[in-house]
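Enquirer: Provided herewith: data-v2.csv, CSV, C-alpha atoms.
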chain,number,residue,atom,x,y,z
A,1055,MET,CA,-8.9,-3.5,13.0
A,1056,GLU,CA,-6.0,-3.0,10.6
A,1057,ILE,CA,-2.6,-2.7,12.4
A,1058,GLU,CA,0.2,-2.2,10.0
A,1059,ARG,CA,3.7,-0.7,9.6
A,1060,LYS,CA,4.9,0.7,6.3
A,1061,PHE,CA,8.5,0.6,5.1
A,1062,LEU,CA,10.7,1.7,2.2
A,1063,LEU,CA,13.1,-0.9,0.8
A,1064,ASN,CA,16.7,-0.4,-0.1
A,1065,LYS,CA,16.6,-3.3,-2.6
A,1066,LEU,CA,14.1,-5.8,-4.0
A,1067,PRO,CA,14.3,-9.3,-2.7
A,1068,ASP,CA,15.9,-11.9,-4.9
A,1069,ASN,CA,13.6,-14.1,-7.1
A,1070,LEU,CA,10.7,-11.6,-6.7
A,1071,GLU,CA,8.8,-13.5,-9.5
A,1072,THR,CA,8.6,-16.6,-7.3
A,1073,TYR,CA,6.2,-14.9,-4.8
A,1074,GLU,CA,2.4,-14.7,-5.2
A,1075,LYS,CA,1.6,-11.5,-7.1
A,1076,ILE,CA,-1.6,-9.4,-7.1
A,1077,ASP,CA,-2.1,-6.5,-9.4
A,1078,LEU,CA,-4.0,-3.6,-7.8
A,1079,GLU,CA,-5.7,-0.5,-9.2
A,1080,GLN,CA,-7.4,1.8,-6.7
A,1081,ALA,CA,-8.9,5.2,-6.4
A,1082,TYR,CA,-10.4,7.3,-3.6
A,1083,ILE,CA,-13.9,8.5,-3.5
A,1084,SER,CA,-13.0,10.4,-0.4
A,1085,THR,CA,-9.9,10.8,1.8
A,1086,GLU,CA,-11.7,12.1,4.9
A,1087,PRO,CA,-13.2,9.6,5.7
A,1088,VAL,CA,-11.1,7.3,3.5
A,1089,ILE,CA,-13.4,5.6,1.0
A,1090,ARG,CA,-11.6,3.5,-1.6
A,1091,VAL,CA,-12.5,1.3,-4.5
A,1092,ARG,CA,-10.0,-1.3,-5.5
A,1093,LYS,CA,-9.6,-3.9,-8.3
A,1094,LYS,CA,-7.5,-7.0,-7.3
A,1095,VAL,CA,-6.3,-9.3,-10.0
A,1096,SER,CA,-4.3,-12.4,-9.2
A,1097,ALA,CA,-3.6,-15.7,-11.1
A,1098,LYS,CA,-6.6,-17.1,-9.1
A,1099,SER,CA,-9.2,-14.4,-9.2
A,1100,GLU,CA,-10.4,-10.9,-10.0
A,1101,LYS,CA,-12.2,-9.0,-7.2
A,1102,TYR,CA,-13.7,-5.5,-6.7
A,1103,ILE,CA,-13.7,-4.1,-3.2
A,1104,LEU,CA,-15.2,-1.0,-1.5
A,1105,THR,CA,-13.2,-0.1,1.6
A,1106,VAL,CA,-13.9,2.4,4.4
A,1107,LYS,CA,-11.2,3.3,6.8
A,1108,SER,CA,-11.2,5.3,10.0
A,1109,THR,CA,-8.5,7.8,10.9
A,1110,GLY,CA,-5.1,6.6,12.2
A,1111,LEU,CA,-1.6,5.9,11.2
A,1112,MET,CA,-0.6,2.5,12.5
A,1113,SER,CA,-3.9,1.3,13.7
A,1114,ARG,CA,-7.4,2.0,12.3
A,1115,GLN,CA,-10.7,0.3,11.7
A,1116,GLU,CA,-11.2,-1.0,8.2
A,1117,PHE,CA,-14.4,-2.3,6.6
A,1118,GLU,CA,-14.3,-4.1,3.2
A,1119,LEU,CA,-17.3,-5.0,1.0
A,1120,ASP,CA,-17.2,-7.0,-2.2
A,1121,MET,CA,-18.7,-5.1,-5.2
A,1122,GLU,CA,-19.6,-5.9,-8.8
A,1123,GLU,CA,-17.3,-4.9,-11.7
A,1124,LYS,CA,-19.9,-2.5,-13.1
A,1125,ALA,CA,-20.2,-0.7,-9.8
A,1126,TYR,CA,-16.4,-0.5,-9.5
A,1127,ASN,CA,-16.1,0.9,-13.1
A,1128,ASN,CA,-18.8,3.5,-12.3
A,1129,LEU,CA,-17.2,4.6,-9.0
A,1130,ILE,CA,-13.6,4.8,-10.2
A,1131,HIS,CA,-14.6,7.4,-12.8
A,1132,LYS,CA,-16.1,9.5,-10.0
A,1133,ALA,CA,-13.0,9.3,-7.8
A,1134,ASP,CA,-11.0,12.5,-7.1
A,1135,GLY,CA,-7.3,12.6,-7.8
A,1136,ASN,CA,-4.8,10.0,-8.9
A,1137,ILE,CA,-5.6,6.4,-9.7
A,1138,ILE,CA,-2.9,4.2,-8.0
A,1139,SER,CA,-1.6,1.2,-9.8
A,1140,LYS,CA,0.8,-1.3,-8.3
A,1141,SER,CA,1.9,-4.9,-8.2
A,1142,ARG,CA,1.8,-6.5,-4.7
A,1143,TYR,CA,4.1,-9.4,-3.9
A,1144,LEU,CA,3.3,-11.5,-0.8
A,1145,ILE,CA,6.6,-12.4,0.9
A,1146,PRO,CA,6.4,-14.7,3.9
A,1147,LEU,CA,8.4,-13.5,7.0
A,1148,GLU,CA,9.3,-15.1,10.3
A,1149,GLU,CA,6.7,-15.4,13.0
A,1150,GLY,CA,3.9,-16.0,10.5
A,1151,LEU,CA,4.0,-12.5,9.2
A,1152,THR,CA,3.8,-11.4,5.5
A,1153,LEU,CA,5.5,-8.5,3.8
A,1154,GLU,CA,3.1,-7.0,1.2
A,1155,LEU,CA,5.7,-5.6,-1.1
A,1156,ASP,CA,4.2,-2.9,-3.5
A,1157,VAL,CA,5.9,-2.0,-6.7
A,1158,PHE,CA,4.2,1.1,-8.0
A,1159,HIS,CA,3.4,1.8,-11.7
A,1160,GLY,CA,2.4,4.8,-13.7
A,1161,ILE,CA,2.8,8.2,-12.0
A,1162,PHE,CA,4.5,6.6,-9.0
A,1163,ASP,CA,6.8,4.4,-11.0
A,1164,GLY,CA,10.0,3.7,-9.1
A,1165,LEU,CA,8.3,3.7,-5.6
A,1166,VAL,CA,8.7,0.4,-3.7
A,1167,MET,CA,7.1,0.2,-0.4
A,1168,GLY,CA,6.2,-2.7,2.0
A,1169,GLU,CA,3.5,-3.1,4.6
A,1170,ILE,CA,3.4,-5.7,7.3
A,1171,GLU,CA,0.1,-6.3,9.1
A,1172,PHE,CA,0.1,-7.4,12.7
A,1173,PRO,CA,-2.4,-9.2,15.0
A,1174,ASP,CA,-2.1,-6.5,17.7
A,1175,GLU,CA,-0.3,-3.2,18.5
A,1176,GLU,CA,2.1,-4.8,21.0
A,1177,THR,CA,3.5,-7.2,18.3
A,1178,ALA,CA,3.7,-4.3,15.8
A,1179,LYS,CA,5.7,-2.1,18.2
A,1180,LYS,CA,8.1,-4.9,19.2
A,1181,TYR,CA,8.8,-6.1,15.6
A,1182,THR,CA,12.3,-5.6,14.2
A,1183,PRO,CA,12.1,-5.5,10.4
A,1184,PRO,CA,14.5,-7.5,8.1
A,1185,GLU,CA,17.8,-5.8,6.9
A,1186,PHE,CA,16.6,-5.2,3.4
A,1187,ILE,CA,14.1,-2.7,4.8
A,1188,SER,CA,15.7,0.8,4.8
A,1189,GLU,CA,13.3,3.1,6.5
A,1190,GLU,CA,10.0,3.1,8.3
A,1191,VAL,CA,7.4,5.5,7.0
A,1192,THR,CA,4.3,4.4,9.0
A,1193,PHE,CA,3.9,7.8,10.6
A,1194,ASP,CA,4.8,9.8,7.4
A,1195,THR,CA,1.4,10.6,5.8
A,1196,ARG,CA,3.1,11.2,2.4
A,1197,PHE,CA,3.3,7.4,2.1
A,1198,HIS,CA,-0.4,6.7,2.7
A,1199,ASN,CA,-2.1,5.8,-0.6
A,1200,SER,CA,-5.0,8.1,0.3
A,1201,THR,CA,-2.5,11.1,0.5
A,1202,MET,CA,-0.7,10.0,-2.7
A,1203,SER,CA,-4.1,9.9,-4.5
A,1204,SER,CA,-4.4,13.7,-4.0
A,1205,MET,CA,-0.8,14.7,-4.8
A,1206,SER,CA,-0.1,17.1,-7.6
A,1207,LYS,CA,2.6,16.2,-10.2
A,1208,GLU,CA,5.0,18.6,-8.3
A,1209,ASP,CA,4.2,16.8,-5.0
A,1210,ILE,CA,4.9,13.4,-6.7
A,1211,SER,CA,8.2,14.7,-8.2
A,1212,ASN,CA,9.3,16.0,-4.8
A,1213,LEU,CA,8.4,12.7,-3.0
A,1214,MET,CA,10.3,10.7,-5.6
A,1215,LEU,CA,13.4,13.0,-5.2
A,1216,TRP,CA,13.2,12.7,-1.4
A,1217,ILE,CA,13.1,8.9,-1.7
A,1218,HIS,CA,16.0,8.9,-4.1
A,1219,LYS,CA,18.1,11.2,-1.9
A,1220,ASN,CA,17.3,9.5,1.5
A,1221,ASN,CA,16.8,5.9,0.6
A,1222,ARG,CA,20.2,4.7,-0.4
Translate this structure into structure tokens?
Expert:
Amino acid sequence: MEIERKFLLNKLPDNLETYEKIDLEQAYISTEPVIRVRKKVSAKSEKYILTVKSTGLMSRQEFELDMEEKAYNNLIHKADGNIISKSRYLIPLEEGLTLELDVFHGIFDGLVMGEIEFPDEETAKKYTPPEFISEEVTFDTRFHNSTMSSMSKEDISNLMLWIHKNNR
């Protein structure tokens, strides 16, 4: 079970380069149900993952399977919509939690979003985010990567304008 809350940030944390970084490229074979292929590159490894997710906004089932690079390359070219590229920084928080801070590249350049995964729904609901987080977007489907993968250029432009206007 994946239990996470999503947030926009009003500024990047200081010394971002000191945190562990993972470069991600992902595409969606399907958005209903969510079937995603992802390439994860860190200083330590390169992995290819097939993910299937159930419906849900804060809580949903998630199944991940490792895959070979050849299979990933075959599937990413069959994906519908936008390929999402981002750098993820793993920032430790209090209570043993981690902020997965995503700095988007390419067509979503300028979008910065964080996710925090929780051990259970009660902990997720009670959590008060740090001050550098500006707005929660957990229940706003525009900020789900699967939704972003199917956005048109106009939708992306409108989303980025909304962020600029409302996230200051």
Enquirer: Got a sec: who's within 9 Å of Phe1193 (chain A), counting all atoms listed in the file, leaving out chain neighbours fewer than 4 positions off, as a list in words?
Expert: Arg1059, Lys1060, Leu1111, Met1112 and Phe1197 of chain A
Enquirer: Take the selection from the previous step and output its residues with C-alpha atoms, as an mmCIF file, in the coordinates of the input.
Expert:
data_model
loop_
_atom_site.group_PDB
_atom_site.id
_atom_site.type_symbol
_atom_site.label_atom_id
_atom_site.label_comp_id
_atom_site.auth_asym_id
_atom_site.auth_seq_id
_atom_site.Cartn_x
_atom_site.Cartn_y
_atom_site.Cartn_z
ATOM 1 C CA ARG A 1059 3.700 -0.700 9.600
ATOM 2 C CA LYS A 1060 4.900 0.700 6.300
ATOM 3 C CA LEU A 1111 -1.600 5.900 11.200
ATOM 4 C CA MET A 1112 -0.600 2.500 12.500
ATOM 5 C CA PHE A 1197 3.300 7.400 2.100
#
Enquirer: For Ala1133 (chain A), which of A:Ser1200, A:Thr1182, A:Thr1152, A:Ser1084 is the closest residue, counting all atoms listed in the file?
Expert: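 Residue with the minimum atom-to-atom distance to Ala1133 (chain A): A:Ser1084.
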Enquirer: Please measure the separation of CA of Gln1080 (chain A) and CA of Ile1130 (chain A), giving the value in Å to one decimal.
Expert: 7.7 Å
Enquirer: Which residues come within 7 Å of Glu1122 (chain A), counting only C-alpha atoms, excluding same-chain residues fewer than 3 positions away, as a PDB file with C-alpha atoms, in the coordinates of the input?
Expert:
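Listing of selection-v4.pdb after writing:
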ATOM      1  CA  TYR A1102     -13.700  -5.500  -6.700  1.00  0.00           C
ATOM      2  CA  ALA A1125     -20.200  -0.700  -9.800  1.00  0.00           C
ATOM      3  CA  TYR A1126     -16.400  -0.500  -9.500  1.00  0.00           C
TER       4      TYR A1126
END
Enquirer: Nearest residue to Lys1094 (chain A) out of A:Ser1188, A:Thr1201, A:Ser1141, A:Asn1136, using all atoms listed in the file?
Expert: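 Ranking A:Ser1188, A:Thr1201, A:Ser1141, A:Asn1136 by distance to Lys1094 (chain A), first place goes to A:Ser1141.
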Enquirer: In the coordinates of the file, take the point (1.4, 6.4, 5.3) and a cut-off of 12 Å; then, counting all atoms listed in the file, name each qualifying protein, DNA or RNA residue as an NGL selection string.
Expert: :A and (1058-1062 or 1109-1113 or 1167-1169 or 1190-1203)
Enquirer: CA of Glu1189 (chain A) to CA of Val1166 (chain A): how many Å, to one decimal?
Expert: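 Calculated distance between CA of Glu1189 (chain A) and CA of Val1166 (chain A) is 11.5 Å.
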Enquirer: With all atoms listed in the file as the counted atoms, please give the residues lying no more than 6 Å from Glu1079 (chain A), apart from itself and same-chain residues fewer than 5 positions off, as a list in words.
Expert: Arg1092, Lys1093, Ile1138 and Ser1139 of chain A
Enquirer: Between A:Ile1137, A:Val1091, A:Leu1144, A:Leu1151, which is the closest to Met1121 (chain A) once you count all atoms listed in the file?
Expert: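 Using all atoms listed in the file, Met1121 (chain A) sits closest to A:Val1091.
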Enquirer: For CA of Glu1123 (chain A) and CA of Lys1101 (chain A), determine how far apart the two atoms are, in Å to one decimal place.
Expert: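 It comes out at 7.9 Å.
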Enquirer: Go through A:Phe1162, A:Ile1103, A:Lys1207, A:Gly1150 one by one, measure the shortest atom-to-atom distance of each to Lys1124 (chain A) using all atoms listed in the file, and give the residue with the smallest value.
Expert: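 For Lys1124 (chain A), the nearest of the given residues is A:Ile1103.
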Enquirer: Rank nothing, just name the residue among A:Leu1104, A:Leu1129, A:Glu1149, A:Met1214 nearest to Pro1173 (chain A), using all atoms listed in the file.
Expert: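 That would be A:Glu1149, the residue with the smallest distance to Pro1173 (chain A).
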Enquirer: For Gln1115 (chain A), which of A:Met1055, A:Asn1220, A:Asp1134, A:Leu1066 is the closest residue, counting all atoms listed in the file?
Expert: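 When distances to Gln1115 (chain A) are compared using all atoms listed in the file, the smallest one comes from A:Met1055.
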Enquirer: Please provide the set of residues having any atom within 9 Å of Ser1108 (chain A), restricted to only C-alpha atoms, with same-chain residues fewer than 2 positions apart removed, written as a PyMOL selection string.
Expert: chain A and resi 1086-1088+1106+1110+1114-1117
Enquirer: Copy region 1197-1214 of chain A out of the block into a file, keeping N, CA, C and O atoms, as a CSV table (one decimal), in the first residue's frame.
Expert:
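Done, and the output landed in selection25.csv:
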chain,number,residue,atom,x,y,z
A,1197,PHE,N,-1.9,17.2,-10.4
A,1197,PHE,CA,-0.5,17.0,-10.0
A,1197,PHE,C,-0.2,15.5,-9.8
A,1197,PHE,O,0.9,15.2,-9.3
A,1198,HIS,N,-1.0,14.6,-10.3
A,1198,HIS,CA,-0.6,13.2,-10.4
A,1198,HIS,C,0.2,13.0,-11.7
A,1198,HIS,O,-0.3,13.5,-12.8
A,1199,ASN,N,1.3,12.3,-11.7
A,1199,ASN,CA,2.1,12.2,-12.8
A,1199,ASN,C,1.3,11.5,-14.0
A,1199,ASN,O,1.6,11.8,-15.1
A,1200,SER,N,0.4,10.6,-13.6
A,1200,SER,CA,-0.3,9.9,-14.7
A,1200,SER,C,-1.2,10.9,-15.4
A,1200,SER,O,-1.4,10.8,-16.6
A,1201,THR,N,-1.8,11.9,-14.7
A,1201,THR,CA,-2.6,12.9,-15.3
A,1201,THR,C,-1.7,13.8,-16.2
A,1201,THR,O,-2.0,14.2,-17.3
A,1202,MET,N,-0.5,14.2,-15.6
A,1202,MET,CA,0.4,15.0,-16.3
A,1202,MET,C,0.9,14.4,-17.6
A,1202,MET,O,1.1,15.1,-18.6
A,1203,SER,N,1.0,13.1,-17.6
A,1203,SER,CA,1.4,12.4,-18.8
A,1203,SER,C,0.5,12.6,-20.0
A,1203,SER,O,0.9,12.5,-21.2
A,1204,SER,N,-0.8,12.8,-19.7
A,1204,SER,CA,-1.7,13.0,-20.8
A,1204,SER,C,-2.1,14.4,-21.1
A,1204,SER,O,-3.0,14.7,-21.9
A,1205,MET,N,-1.5,15.4,-20.5
A,1205,MET,CA,-1.8,16.8,-20.7
A,1205,MET,C,-1.3,17.3,-22.1
A,1205,MET,O,-0.2,16.9,-22.5
A,1206,SER,N,-2.1,18.2,-22.6
A,1206,SER,CA,-1.7,18.8,-23.9
A,1206,SER,C,-0.8,20.0,-23.5
A,1206,SER,O,-0.6,20.4,-22.3
A,1207,LYS,N,-0.2,20.6,-24.5
A,1207,LYS,CA,0.7,21.7,-24.3
A,1207,LYS,C,0.0,22.9,-23.6
A,1207,LYS,O,0.5,23.5,-22.8
A,1208,GLU,N,-1.3,23.0,-24.0
A,1208,GLU,CA,-2.1,24.1,-23.4
A,1208,GLU,C,-2.4,23.8,-22.0
A,1208,GLU,O,-2.4,24.7,-21.1
A,1209,ASP,N,-2.7,22.5,-21.7
A,1209,ASP,CA,-3.0,22.1,-20.3
A,1209,ASP,C,-1.7,22.4,-19.4
A,1209,ASP,O,-1.8,22.9,-18.3
A,1210,ILE,N,-0.6,22.0,-20.0
A,1210,ILE,CA,0.7,22.2,-19.2
A,1210,ILE,C,0.9,23.7,-19.0
A,1210,ILE,O,1.3,24.1,-17.9
A,1211,SER,N,0.7,24.5,-20.0
A,1211,SER,CA,0.9,26.0,-19.9
A,1211,SER,C,-0.1,26.5,-18.8
A,1211,SER,O,0.4,27.3,-18.0
A,1212,ASN,N,-1.3,26.1,-18.8
A,1212,ASN,CA,-2.3,26.6,-17.8
A,1212,ASN,C,-1.9,26.1,-16.4
A,1212,ASN,O,-2.0,26.9,-15.5
A,1213,LEU,N,-1.4,24.9,-16.3
A,1213,LEU,CA,-0.9,24.4,-15.0
A,1213,LEU,C,0.2,25.2,-14.4
A,1213,LEU,O,0.2,25.7,-13.3
A,1214,MET,N,1.2,25.5,-15.3
A,1214,MET,CA,2.4,26.3,-14.9
A,1214,MET,C,2.0,27.7,-14.5
A,1214,MET,O,2.5,28.3,-13.6
